[in-house]
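Student: coords.cif is reproduced below (mmCIF, C-alpha atoms).
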```cif
data_protein
loop_
_atom_site.group_PDB
_atom_site.id
_atom_site.type_symbol
_atom_site.label_atom_id
_atom_site.label_comp_id
_atom_site.auth_asym_id
_atom_site.auth_seq_id
_atom_site.Cartn_x
_atom_site.Cartn_y
_atom_site.Cartn_z
ATOM 1 C CA MET A 254 -4.660 -0.833 14.478
ATOM 2 C CA ALA A 255 -8.399 -0.560 14.831
ATOM 3 C CA SER A 256 -10.754 -2.509 12.636
ATOM 4 C CA GLY A 257 -11.377 -0.919 9.264
ATOM 5 C CA SER A 258 -8.484 1.495 9.520
ATOM 6 C CA ILE A 259 -6.020 2.196 6.725
ATOM 7 C CA PRO A 260 -2.683 0.366 7.068
ATOM 8 C CA ILE A 261 0.458 2.489 7.309
ATOM 9 C CA LEU A 262 3.544 0.630 6.127
ATOM 10 C CA LYS A 263 7.129 1.564 6.925
ATOM 11 C CA LEU A 264 9.696 1.694 4.154
ATOM 12 C CA GLY A 265 13.017 2.930 5.454
ATOM 13 C CA SER A 266 12.396 6.410 6.799
ATOM 14 C CA THR A 267 9.191 6.775 4.809
ATOM 15 C CA LEU A 268 5.671 5.785 5.769
ATOM 16 C CA LEU A 269 3.448 4.520 2.986
ATOM 17 C CA SER A 270 -0.298 4.361 2.957
ATOM 18 C CA THR A 271 -2.562 3.257 0.134
ATOM 19 C CA ILE A 272 -6.037 4.636 0.431
ATOM 20 C CA GLN A 273 -8.658 2.359 -1.057
ATOM 21 C CA VAL A 274 -11.848 2.723 0.848
ATOM 22 C CA GLU A 275 -14.035 5.636 -0.037
ATOM 23 C CA LEU A 276 -13.028 8.093 2.637
ATOM 24 C CA HIS A 277 -15.926 8.678 4.978
ATOM 25 C CA ASP A 278 -15.338 11.434 7.457
ATOM 26 C CA THR A 279 -14.661 9.093 10.396
ATOM 27 C CA VAL A 280 -12.149 7.094 8.360
ATOM 28 C CA VAL A 281 -10.253 10.262 7.392
ATOM 29 C CA ASP A 282 -10.184 11.460 10.979
ATOM 30 C CA ALA A 283 -8.840 8.106 12.176
ATOM 31 C CA PHE A 284 -6.308 8.069 9.344
ATOM 32 C CA GLN A 285 -5.013 11.509 10.307
ATOM 33 C CA ASN A 286 -4.553 10.392 13.913
ATOM 34 C CA ASP A 287 -2.902 7.114 12.937
ATOM 35 C CA VAL A 288 -0.473 8.823 10.559
ATOM 36 C CA LEU A 289 0.646 11.363 13.123
ATOM 37 C CA GLU A 290 1.089 8.679 15.769
ATOM 38 C CA GLU A 291 3.112 6.541 13.376
ATOM 39 C CA ILE A 292 5.344 9.507 12.528
ATOM 40 C CA GLU A 293 5.961 10.027 16.234
ATOM 41 C CA ARG A 294 6.517 6.320 16.889
ATOM 42 C CA THR A 295 8.853 5.671 13.960
ATOM 43 C CA GLY A 296 10.532 9.050 13.566
ATOM 44 C CA ALA A 297 9.743 8.903 9.843
ATOM 45 C CA SER A 298 10.925 11.795 7.713
ATOM 46 C CA GLY A 299 8.502 11.199 4.877
ATOM 47 C CA LEU A 300 4.931 10.166 4.210
ATOM 48 C CA ILE A 301 3.619 8.893 0.903
ATOM 49 C CA VAL A 302 -0.124 8.588 0.425
ATOM 50 C CA ASP A 303 -1.260 6.683 -2.651
ATOM 51 C CA ILE A 304 -4.723 7.741 -3.771
ATOM 52 C CA SER A 305 -4.810 5.936 -7.112
ATOM 53 C CA ALA A 306 -7.863 3.983 -5.987
ATOM 54 C CA LEU A 307 -9.886 7.118 -5.312
ATOM 55 C CA GLU A 308 -12.190 8.081 -8.143
ATOM 56 C CA THR A 309 -13.526 11.123 -6.360
ATOM 57 C CA VAL A 310 -12.338 13.384 -3.557
ATOM 58 C CA ASP A 311 -14.774 15.719 -1.869
ATOM 59 C CA SER A 312 -13.859 18.994 -0.226
ATOM 60 C CA TYR A 313 -13.785 17.518 3.294
ATOM 61 C CA VAL A 314 -11.371 14.780 2.301
ATOM 62 C CA ALA A 315 -9.216 17.192 0.285
ATOM 63 C CA ARG A 316 -8.942 19.528 3.257
ATOM 64 C CA MET A 317 -8.179 16.680 5.658
ATOM 65 C CA LEU A 318 -5.446 15.317 3.378
ATOM 66 C CA ALA A 319 -3.939 18.778 3.002
ATOM 67 C CA ASN A 320 -4.122 19.345 6.759
ATOM 68 C CA THR A 321 -2.574 15.955 7.470
ATOM 69 C CA GLY A 322 0.324 16.989 5.233
ATOM 70 C CA LYS A 323 0.731 20.257 7.105
ATOM 71 C CA MET A 324 0.636 18.505 10.476
ATOM 72 C CA ALA A 325 3.152 15.909 9.286
ATOM 73 C CA LYS A 326 5.410 18.748 8.136
ATOM 74 C CA LEU A 327 5.246 20.368 11.568
ATOM 75 C CA MET A 328 6.380 17.038 12.968
ATOM 76 C CA GLY A 329 9.254 16.913 10.493
ATOM 77 C CA ALA A 330 7.861 14.615 7.818
ATOM 78 C CA GLU A 331 7.281 15.701 4.229
ATOM 79 C CA THR A 332 4.159 14.406 2.512
ATOM 80 C CA VAL A 333 3.921 13.317 -1.095
ATOM 81 C CA ILE A 334 0.569 12.331 -2.563
ATOM 82 C CA VAL A 335 0.931 9.905 -5.436
ATOM 83 C CA GLY A 336 -1.359 8.383 -8.046
ATOM 84 C CA MET A 337 -3.898 11.178 -8.270
ATOM 85 C CA ARG A 338 -6.323 10.504 -11.103
ATOM 86 C CA PRO A 339 -6.975 13.133 -13.764
ATOM 87 C CA ALA A 340 -10.613 13.449 -12.695
ATOM 88 C CA VAL A 341 -9.609 14.013 -9.073
ATOM 89 C CA ALA A 342 -7.036 16.651 -10.059
ATOM 90 C CA ALA A 343 -9.666 18.398 -12.168
ATOM 91 C CA THR A 344 -12.187 18.344 -9.323
ATOM 92 C CA LEU A 345 -9.673 19.690 -6.786
ATOM 93 C CA VAL A 346 -8.731 22.627 -8.995
ATOM 94 C CA ARG A 347 -12.372 23.375 -9.749
ATOM 95 C CA MET A 348 -13.082 23.366 -6.011
ATOM 96 C CA GLY A 349 -10.178 25.736 -5.498
ATOM 97 C CA TYR A 350 -7.996 23.235 -3.617
ATOM 98 C CA PHE A 351 -4.443 23.185 -4.833
ATOM 99 C CA MET A 352 -3.144 21.081 -1.951
ATOM 100 C CA GLU A 353 -0.644 23.806 -1.079
ATOM 101 C CA GLY A 354 2.348 22.607 0.880
ATOM 102 C CA ILE A 355 1.911 19.067 -0.326
ATOM 103 C CA GLU A 356 3.993 17.605 -3.090
ATOM 104 C CA THR A 357 2.446 15.280 -5.603
ATOM 105 C CA ALA A 358 4.013 12.694 -7.875
ATOM 106 C CA LEU A 359 2.738 10.356 -10.530
ATOM 107 C CA SER A 360 3.731 7.080 -8.898
ATOM 108 C CA LEU A 361 5.087 5.557 -5.713
ATOM 109 C CA GLU A 362 8.544 5.300 -7.265
ATOM 110 C CA GLU A 363 8.590 8.952 -8.242
ATOM 111 C CA GLY A 364 7.328 9.894 -4.795
ATOM 112 C CA LEU A 365 10.167 7.942 -3.184
ATOM 113 C CA GLU A 366 12.695 9.582 -5.529
ATOM 114 C CA LEU A 367 11.323 12.992 -4.626
ATOM 115 C CA GLN A 368 11.786 12.248 -0.933
ATOM 116 C CA ALA A 369 15.258 10.806 -1.467
ATOM 117 C CA ARG A 370 16.312 13.956 -3.346
ATOM 118 C CA ARG A 371 14.857 16.112 -0.588
ATOM 119 C CA SER A 372 16.715 14.213 2.169
ATOM 120 C CA LYS A 373 19.962 14.715 0.238
ATOM 121 C CA LEU A 374 19.254 18.427 -0.047
ATOM 122 C CA LEU A 375 18.636 18.602 3.677
ATOM 123 C CA GLU A 376 21.852 16.740 4.402
ATOM 124 C CA ALA A 377 23.792 19.113 2.127
ATOM 125 C CA GLU A 378 22.479 22.164 3.953
ATOM 126 C CA MET B 172 -7.923 0.031 -13.015
ATOM 127 C CA ALA B 173 -11.570 -0.709 -12.511
ATOM 128 C CA SER B 174 -13.561 0.956 -9.783
ATOM 129 C CA GLY B 175 -13.200 -0.686 -6.396
ATOM 130 C CA SER B 176 -10.157 -2.683 -7.342
ATOM 131 C CA ILE B 177 -7.055 -3.050 -5.186
ATOM 132 C CA PRO B 178 -4.134 -0.818 -6.242
ATOM 133 C CA ILE B 179 -0.901 -2.540 -7.231
ATOM 134 C CA LEU B 180 2.117 -0.275 -6.765
ATOM 135 C CA LYS B 181 5.518 -0.756 -8.374
ATOM 136 C CA LEU B 182 8.629 -0.514 -6.272
ATOM 137 C CA GLY B 183 11.703 -1.330 -8.320
ATOM 138 C CA SER B 184 11.258 -4.883 -9.532
ATOM 139 C CA THR B 185 8.660 -5.621 -6.871
ATOM 140 C CA LEU B 186 4.914 -5.106 -6.984
ATOM 141 C CA LEU B 187 3.234 -4.097 -3.756
ATOM 142 C CA SER B 188 -0.395 -4.417 -2.856
ATOM 143 C CA THR B 189 -2.076 -3.568 0.417
ATOM 144 C CA ILE B 190 -5.328 -5.396 0.899
ATOM 145 C CA GLN B 191 -7.817 -3.452 2.984
ATOM 146 C CA VAL B 192 -11.288 -4.232 1.838
ATOM 147 C CA GLU B 193 -12.825 -7.376 3.143
ATOM 148 C CA LEU B 194 -12.140 -9.716 0.298
ATOM 149 C CA HIS B 195 -15.395 -10.696 -1.334
ATOM 150 C CA ASP B 196 -15.050 -13.410 -3.938
ATOM 151 C CA THR B 197 -15.347 -11.038 -6.901
ATOM 152 C CA VAL B 198 -12.702 -8.698 -5.476
ATOM 153 C CA VAL B 199 -10.270 -11.578 -4.999
ATOM 154 C CA ASP B 200 -10.866 -12.825 -8.538
ATOM 155 C CA ALA B 201 -10.262 -9.336 -9.965
ATOM 156 C CA PHE B 202 -7.174 -8.937 -7.770
ATOM 157 C CA GLN B 203 -5.711 -12.200 -9.053
ATOM 158 C CA ASN B 204 -6.231 -11.085 -12.652
ATOM 159 C CA ASP B 205 -4.822 -7.617 -12.028
ATOM 160 C CA VAL B 206 -1.718 -8.969 -10.291
ATOM 161 C CA LEU B 207 -0.905 -11.385 -13.084
ATOM 162 C CA GLU B 208 -1.431 -8.708 -15.720
ATOM 163 C CA GLU B 209 0.806 -6.291 -13.824
ATOM 164 C CA ILE B 210 3.534 -8.933 -13.548
ATOM 165 C CA GLU B 211 3.346 -9.425 -17.309
ATOM 166 C CA ARG B 212 3.271 -5.693 -18.025
ATOM 167 C CA THR B 213 6.109 -4.705 -15.682
ATOM 168 C CA GLY B 214 8.241 -7.842 -15.728
ATOM 169 C CA ALA B 215 8.302 -7.740 -11.932
ATOM 170 C CA SER B 216 10.307 -10.423 -10.161
ATOM 171 C CA GLY B 217 8.541 -10.103 -6.839
ATOM 172 C CA LEU B 218 5.121 -9.537 -5.368
ATOM 173 C CA ILE B 219 4.430 -8.379 -1.821
ATOM 174 C CA VAL B 220 0.894 -8.556 -0.491
ATOM 175 C CA ASP B 221 0.245 -6.761 2.789
ATOM 176 C CA ILE B 222 -2.714 -8.244 4.648
ATOM 177 C CA SER B 223 -2.260 -6.412 7.953
ATOM 178 C CA ALA B 224 -5.720 -4.884 7.578
ATOM 179 C CA LEU B 225 -7.428 -8.259 7.339
ATOM 180 C CA GLU B 226 -8.880 -9.465 10.598
ATOM 181 C CA THR B 227 -10.204 -12.672 9.106
ATOM 182 C CA VAL B 228 -9.399 -14.786 6.073
ATOM 183 C CA ASP B 229 -11.844 -17.438 4.944
ATOM 184 C CA SER B 230 -10.914 -20.611 3.071
ATOM 185 C CA TYR B 231 -11.838 -19.176 -0.332
ATOM 186 C CA VAL B 232 -9.618 -16.143 0.128
ATOM 187 C CA ALA B 233 -6.772 -18.236 1.561
ATOM 188 C CA ARG B 234 -6.903 -20.556 -1.437
ATOM 189 C CA MET B 235 -7.057 -17.657 -3.890
ATOM 190 C CA LEU B 236 -4.075 -15.947 -2.271
ATOM 191 C CA ALA B 237 -2.089 -19.187 -2.302
ATOM 192 C CA ASN B 238 -3.054 -19.814 -5.930
ATOM 193 C CA THR B 239 -2.150 -16.263 -6.927
ATOM 194 C CA GLY B 240 1.291 -16.888 -5.415
ATOM 195 C CA LYS B 241 1.676 -20.102 -7.403
ATOM 196 C CA MET B 242 0.574 -18.408 -10.628
ATOM 197 C CA ALA B 243 2.956 -15.504 -9.988
ATOM 198 C CA LYS B 244 5.760 -18.012 -9.451
ATOM 199 C CA LEU B 245 5.025 -19.689 -12.784
ATOM 200 C CA MET B 246 5.388 -16.247 -14.349
ATOM 201 C CA GLY B 247 8.715 -15.740 -12.576
ATOM 202 C CA ALA B 248 7.668 -13.596 -9.612
ATOM 203 C CA GLU B 249 8.080 -14.707 -6.016
ATOM 204 C CA THR B 250 5.296 -13.803 -3.606
ATOM 205 C CA VAL B 251 5.753 -12.705 -0.009
ATOM 206 C CA ILE B 252 2.720 -12.135 2.187
ATOM 207 C CA VAL B 253 3.413 -9.632 4.943
ATOM 208 C CA GLY B 254 1.581 -8.395 8.023
ATOM 209 C CA MET B 255 -0.443 -11.489 8.781
ATOM 210 C CA ARG B 256 -2.222 -11.084 12.095
ATOM 211 C CA PRO B 257 -1.936 -13.734 14.805
ATOM 212 C CA ALA B 258 -5.649 -14.543 14.583
ATOM 213 C CA VAL B 259 -5.423 -15.007 10.823
ATOM 214 C CA ALA B 260 -2.387 -17.295 11.161
ATOM 215 C CA ALA B 261 -4.231 -19.323 13.771
ATOM 216 C CA THR B 262 -7.305 -19.628 11.583
ATOM 217 C CA LEU B 263 -5.309 -20.684 8.532
ATOM 218 C CA VAL B 264 -3.513 -23.438 10.418
ATOM 219 C CA ARG B 265 -6.765 -24.642 11.953
ATOM 220 C CA MET B 266 -8.305 -24.767 8.480
ATOM 221 C CA GLY B 267 -5.325 -26.757 7.275
ATOM 222 C CA TYR B 268 -3.934 -24.014 5.021
ATOM 223 C CA PHE B 269 -0.237 -23.493 5.377
ATOM 224 C CA MET B 270 0.088 -21.276 2.304
ATOM 225 C CA GLU B 271 2.661 -23.684 0.843
ATOM 226 C CA GLY B 272 4.939 -22.163 -1.739
ATOM 227 C CA ILE B 273 4.377 -18.674 -0.395
ATOM 228 C CA GLU B 274 6.821 -16.906 1.845
ATOM 229 C CA THR B 275 5.601 -14.767 4.668
ATOM 230 C CA ALA B 276 7.291 -11.959 6.564
ATOM 231 C CA LEU B 277 6.368 -9.772 9.484
ATOM 232 C CA SER B 278 6.532 -6.426 7.723
ATOM 233 C CA LEU B 279 6.929 -4.787 4.334
ATOM 234 C CA GLU B 280 10.587 -4.064 5.055
ATOM 235 C CA GLU B 281 11.325 -7.671 5.945
ATOM 236 C CA GLY B 282 9.435 -8.808 2.863
ATOM 237 C CA LEU B 283 11.553 -6.536 0.670
ATOM 238 C CA GLU B 284 14.740 -7.799 2.332
ATOM 239 C CA LEU B 285 13.655 -11.371 1.727
ATOM 240 C CA GLN B 286 13.151 -10.625 -1.952
ATOM 241 C CA ALA B 287 16.432 -8.736 -2.220
ATOM 242 C CA ARG B 288 18.291 -11.692 -0.687
ATOM 243 C CA ARG B 289 16.540 -14.046 -3.075
ATOM 244 C CA SER B 290 17.465 -11.952 -6.138
ATOM 245 C CA LYS B 291 21.097 -11.993 -5.031
ATOM 246 C CA LEU B 292 20.983 -15.768 -4.655
ATOM 247 C CA LEU B 293 19.534 -16.056 -8.159
ATOM 248 C CA GLU B 294 22.232 -13.775 -9.562
ATOM 249 C CA ALA B 295 24.926 -15.843 -7.862
ATOM 250 C CA GLU B 296 23.666 -19.066 -9.442
#
```
For this file, write the structure as structure tokens.

Tutor:
Amino acid sequence: MASGSIPILKLGSTLLSTIQVELHDTVVDAFQNDVLEEIERTGASGLIVDISALETVDSYVARMLANTGKMAKLMGAETVIVGMRPAVAATLVRMGYFMEGIETALSLEEGLELQARRSKLLEAE
Amino acid sequence: MASGSIPILKLGSTLLSTIQVELHDTVVDAFQNDVLEEIERTGASGLIVDISALETVDSYVARMLANTGKMAKLMGAETVIVGMRPAVAATLVRMGYFMEGIETALSLEEGLELQARRSKLLEAE
């Protein structure tokens, strides 16, 4: 992992990342790369990104997060964004970003439950 | 949570925190407070601190982390530090800090296993 990058932890078949630094463009780009490489390396079926530390999200970051989720999905991993603050949700909607294709949940635990339910659905299919 | 603080996520009876920012003294102080308050609020029995993003740990931070672990223990929560880099381990030993009273593990998953085993031992007593 390069210096200053965002750690990606493994939790069963789910990858977990807590974003804390204000997301400059280079950090988001590196994060996107790292996440996709970790999905490939670990074969993870889920990705949870905690953004509870983010007080603001600009349009570039919102788009990159949404795109990361879409890329992860193409690789077979579902993304859940957890811990979004009310102000961030309000800003995203005002900007016209609804994070389509990405699930959100209130907390890490609810995000994990969501992914567990989804894996069971997939198994039942 | 105040601006710039380190998120503390709940995962069952364990609290999880990923430290990414270089730990300035004020951040470490706030982190210690936040962790203890979260242990009180949630009744957590375990605390996992991921430091895989830290390339260096100075003596102040090492002491604060060790003290946070001791305080958590007094409140009934066992601390496991995970993801310590080789260079950090080397520095700590050279500085004479062995993080006594704090368990360490290679990864989040091993840290969770360690805490699960410990809870079972406690239940068996």

Student: What residues in chain A have any atom no more than 10 Å from chain B when counting all atoms listed in the file, and can you write them as an NGL selection string?

Tutor: :A and (254-265 or 270-275 or 303-308 or 336 or 360-363 or 365)

Student: Would you kindly return, as an NGL selection string, each protein, DNA or RNA residue with an atom no farther than 8 Å from any atom of Thr309 (chain A), considering all atoms listed in the file and excluding same-chain residues fewer than 5 positions away?

Tutor: :A and (340-341 or 344)

Student: If you measure from CA of Arg294 (chain A) to CA of Gln286 (chain B), what distance in Å do you get, rounded to one decimal?

Tutor: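 If I compute the distance from CA of Arg294 (chain A) to CA of Gln286 (chain B), I get 26.2 Å.
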
Student: Output the residue selection produced by the PyMOL selection byres ((chain A and resi 289-292) around 8) on the file above, formatted as a PyMOL selection string.

Tutor: chain A and resi 261+268+285-288+293-298+321+324-325+328+330

Student: So which residues are close to (11.2, -16.8, -8.2), meaning at most 8 Å away in the file's coordinates with all atoms listed in the file counted, and can you show them as a list in words?

Tutor: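 Selection result: Ser216, Gly217, Lys244, Gly247, Ala248, Glu249 and Arg289 of chain B.
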
Student: Please provide the set of residues having any atom within 9 Å of Leu318 (chain A), restricted to all atoms listed in the file, with same-chain residues fewer than 4 positions apart removed, written as a PyMOL selection string.

Tutor: chain A and resi 281+285+313-314+322-323+334+352

Student: In Å, rounded to a single decimal, give me how far CA of Ala201 (chain B) is from CA of Met266 (chain B).

Tutor: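 Interatomic distance, CA of Met266 (chain B) to CA of Ala201 (chain B): 24.1 Å.
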
Student: I need the output of the PyMOL selection byres ((chain B and resi 269) around 12) for this file as number ranges by chain; which residues are they?

Tutor: B: 230, 233-234, 236-237, 259-268, 270-275

Student: Counting only C-alpha atoms, which residue out of A:Val335, A:Ala369, A:Leu374, A:Leu327 sits closest to Thr267 (chain A)?

Tutor: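 Nearest to Thr267 (chain A): A:Ala369.
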
Student: For Ile219 (chain B), find every residue with an atom within 6 Å (counting all atoms listed in the file), except residues of its own chain fewer than 3 positions away, and show them as a list in words.

Tutor: Leu187, Thr250, Val251 and Ile252 of chain B

Student: Ranking B:Met235, B:Ser184, B:Val220, B:Arg288 by minimum distance to Val198 (chain B) and counting all atoms listed in the file, which one comes first?

Tutor: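 The closest residue to Val198 (chain B) is B:Met235.
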
Student: Please indicate the distance in Å from CA of Pro339 (chain A) to CA of Leu359 (chain A), rounded to one decimal place.

Tutor: 10.6 Å
